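Visitor: Submitted below is the structure of interest, expressed as structure tokens.
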Amino acid sequence: MQNKHLHDHTTLQANLPAGEEQFEAYYRQLEKYSPSGAKKRKKSNRSYISYMSAFLAGALLIGGLSFAADRLNVFTGGTEAVREAVSYNYSGAGLTTASNKTDAKTPSDVYAEASPAVVKIQTYTAPQRSSMFDDPRMWQYFGIMPEQDSSQHQQQEGNEDSNLQLSGSGTGFIIDEAGYIVTNAHVVSEAEKVEVFVTGYDEPMVATVMNSDTELDIALLKITAPDHQSLPALTIANSDNLVIGDWVMAIGNPYGYDYTLTMGVISAKERPITVQDENGQPQTIEHMLQTDAAINPGNSGGPLLNETGEVIGMNTAVSSEAQGIGFAIPSNIIVQYIEGIASSVTTQ
């Protein structure tokens with residue numbers, strides 16, 4: 001039967017036309033595979049082609065959009081905007097651009113450059129006498145002889161400074177190479193002798209009080225270097241340019257700790273404060289700068305500096321009932337005071 005079937009199939013193939021013979025061979029080749037396998041392979045090939053087509057189309061679309069956005073500055077806002085954003089840095093007085101704050105310095109730089117122009121001030125007054133018997137000049141009227149010999153007594157009478165005693169200390173800063181110094185009026189109030197200690201000199205220099213205004217609490221002193229050399233001086237800046245939050249530094253001599261640096265910010269502007277004058281009477285000082293930089297007794301008269309080392313105020317008072325609340329006279333008021341003195345001298 002099998003041979004008969006093969007014979008019949010061969011006979012049928014022989015009787016087919018040439019074209020039909022090719023189709024018969026093709027169909028026989030397909031018989032080696034199941035119908036379901038053929039369908040899966042067709043589906044897999046179609047999925048692969050679909051994925052690749054979608055991927056290439058998406059890549060072309062994203063690339064085209066990125067190129068167009070870059071050319072049109074859709075996201076960056078232009079080259080200048082990018083440069084401006086990158087150039088911002090935090091350099092002390094809030095967010096500033098590197099282009100317009102190239103003169104900003106570190107606190108150590110400011111201290112190194114400014115401290116030579118900051119001076120320590122000591123004042124001397126006659127000793128307080130509890131009664132007339134404490135005055136040696138009255139002893140002769142009561143037959144009282146001093147314990148010291150007459151030569152020492154005569155030597156003291158010839159030297160007025162020998163009867164003076166240290167009454168206070170504070171800070172000041174040099175504003176002119178010729179030796180002009182600004183400090184608080186209350187620092188030199190009622191002083192009979194004022195000594196100024198300058199960095200680089202072993203001995204203090206005796207200062208002359210050129211002018212003093214108790215209402216403004218500003219005084220102008222003058223010293224002359226023994227070697228007649230120019231003295232280091234600070235630059236005064238415009239305090240109107242300050243904004244709340246600007247970094248500031250104070251240099252002074254609090255409680256005898258000479259040349260102490262403290263840092264803080266401008267906490268407020270245009271503060272009125274009430275202090276006691278030399279007679280113990282309340283006195284109001286207007287337009288003060290408030291800062292949280294540590295200010296203590298001995299800081300009075302010292303400079304309040306900005307981040308470039310320029311004077312923007314003079315440390316004057318501190319709230320005794322709080323911490324971190326100090327006050328400074330704005331530099332513009334100091335400049336007006338000095339200009340007023342200069343104009344009055346010119347008109348005389």
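Identifiers for the structure tokens are assigned positionally: chains receive A, B, ... in sequence, residues are indexed from 1 per chain, and ligands are indexed from 1 in the order shown.
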Near range 168-185 of chain A, within 7 Å and counting only C-alpha atoms, which residues show up once chain neighbours fewer than 2 positions away are dropped, as an NGL selection string?
Guide: :A and (117-123 or 166 or 187-189 or 212-214 or 217-224 or 230-235 or 252-253 or 298-303 or 316)
Visitor: Between CA of Val198 in chain A and CA of Pro226 in chain A, what distance in Å does the model show, to one decimal?
Guide: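 According to the coordinates, CA of Val198 in chain A and CA of Pro226 in chain A are separated by 11.3 Å.
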Visitor: If I take CA of Pro204 in chain A and CA of Thr262 in chain A, how far is one from the other in Å, to one decimal?
Guide: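 Distance between the two atoms: 24.8 Å.
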Visitor: Considering only C-alpha atoms, return as a list in words whatever protein or nucleic-acid residues lie within 12 Å of Ala322 in chain A, sequence-local ones (same chain, fewer than 2 positions apart) excluded.
Guide: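 Skipping anything fewer than 2 positions along the chain leaves Asp292, Ala294, Ile295, Asn296, Val318, Ser319, Ser320, Gly324, Ile325 and Gly326 of chain A.
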Visitor: Grab the CA of Trp247 in chain A to CA of Ala114 in chain A distance for me, in Å with one decimal place.
Guide: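 Going from CA of Trp247 in chain A over to CA of Ala114 in chain A, I get 15.8 Å.
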Visitor: Contacts of Lys105 in chain A at 7 Å or less, counting only C-alpha atoms, minus same-chain residues fewer than 3 places along, as a PyMOL selection string?
Guide: chain A and resi 109-110+307-308
Visitor: I'd like the neighbourhood of Asn279 in chain A as an MDAnalysis selection string, where a residue qualifies if any of its atoms comes within 12 Å (using only C-alpha atoms), though same-chain residues fewer than 3 positions away should be ignored.
Guide: chainID A and resid 186 189:190 214 275:276 282:283
Visitor: Atoms to include: all heavy atoms. Write the selected residues as an mmCIF file, in the first residue's frame.
Guide:
data_model
loop_
_atom_site.group_PDB
_atom_site.id
_atom_site.type_symbol
_atom_site.label_atom_id
_atom_site.label_comp_id
_atom_site.auth_asym_id
_atom_site.auth_seq_id
_atom_site.Cartn_x
_atom_site.Cartn_y
_atom_site.Cartn_z
ATOM 1 N N HIS A 186 31.510 110.269 74.793
ATOM 2 C CA HIS A 186 31.483 109.827 76.181
ATOM 3 C C HIS A 186 32.769 109.103 76.586
ATOM 4 O O HIS A 186 33.044 108.924 77.772
ATOM 5 C CB HIS A 186 30.263 108.936 76.443
ATOM 6 C CG HIS A 186 30.346 107.563 75.841
ATOM 7 N ND1 HIS A 186 29.714 107.226 74.672
ATOM 8 C CD2 HIS A 186 30.980 106.439 76.261
ATOM 9 C CE1 HIS A 186 29.938 105.951 74.407
ATOM 10 N NE2 HIS A 186 30.715 105.447 75.362
ATOM 11 N N SER A 189 34.948 112.105 77.666
ATOM 12 C CA SER A 189 34.245 113.120 78.465
ATOM 13 C C SER A 189 34.962 113.371 79.783
ATOM 14 O O SER A 189 35.322 112.426 80.504
ATOM 15 C CB SER A 189 32.807 112.653 78.725
ATOM 16 O OG SER A 189 32.135 113.545 79.570
ATOM 17 N N GLU A 190 35.178 114.639 80.097
ATOM 18 C CA GLU A 190 35.789 115.091 81.348
ATOM 19 C C GLU A 190 37.216 114.589 81.541
ATOM 20 O O GLU A 190 37.761 114.670 82.653
ATOM 21 C CB GLU A 190 34.934 114.678 82.549
ATOM 22 C CG GLU A 190 33.531 115.263 82.534
ATOM 23 C CD GLU A 190 32.734 114.889 83.772
ATOM 24 O OE1 GLU A 190 33.195 114.007 84.534
ATOM 25 O OE2 GLU A 190 31.659 115.463 83.966
ATOM 26 N N THR A 214 28.330 116.146 72.394
ATOM 27 C CA THR A 214 27.666 115.180 73.277
ATOM 28 C C THR A 214 26.315 114.738 72.734
ATOM 29 O O THR A 214 25.872 113.619 73.014
ATOM 30 C CB THR A 214 27.484 115.789 74.672
ATOM 31 O OG1 THR A 214 26.748 117.014 74.564
ATOM 32 C CG2 THR A 214 28.833 116.066 75.323
ATOM 33 N N VAL A 275 20.137 107.056 76.048
ATOM 34 C CA VAL A 275 21.287 106.786 76.904
ATOM 35 C C VAL A 275 21.392 107.899 77.944
ATOM 36 O O VAL A 275 20.694 108.924 77.867
ATOM 37 C CB VAL A 275 22.592 106.720 76.083
ATOM 38 C CG1 VAL A 275 22.545 105.568 75.095
ATOM 39 C CG2 VAL A 275 22.836 108.029 75.338
ATOM 40 N N GLN A 276 22.262 107.722 78.896
ATOM 41 C CA GLN A 276 22.512 108.748 79.908
ATOM 42 C C GLN A 276 23.708 109.590 79.501
ATOM 43 O O GLN A 276 24.740 109.052 79.089
ATOM 44 C CB GLN A 276 22.768 108.107 81.274
ATOM 45 C CG GLN A 276 21.537 107.482 81.896
ATOM 46 C CD GLN A 276 21.801 106.970 83.300
ATOM 47 O OE1 GLN A 276 22.939 106.847 83.728
ATOM 48 N NE2 GLN A 276 20.738 106.675 84.025
ATOM 49 N N PRO A 282 18.788 111.500 80.803
ATOM 50 C CA PRO A 282 18.480 110.722 79.587
ATOM 51 C C PRO A 282 18.688 111.551 78.326
ATOM 52 O O PRO A 282 18.351 112.737 78.273
ATOM 53 C CB PRO A 282 17.015 110.333 79.775
ATOM 54 C CG PRO A 282 16.463 111.341 80.731
ATOM 55 C CD PRO A 282 17.591 111.708 81.636
ATOM 56 N N GLN A 283 19.247 110.907 77.321
ATOM 57 C CA GLN A 283 19.525 111.566 76.052
ATOM 58 C C GLN A 283 19.184 110.616 74.920
ATOM 59 O O GLN A 283 19.545 109.440 74.951
ATOM 60 C CB GLN A 283 21.008 111.970 75.973
ATOM 61 C CG GLN A 283 21.424 112.531 74.628
ATOM 62 C CD GLN A 283 22.925 112.760 74.543
ATOM 63 O OE1 GLN A 283 23.607 112.806 75.567
ATOM 64 N NE2 GLN A 283 23.433 112.900 73.331
#
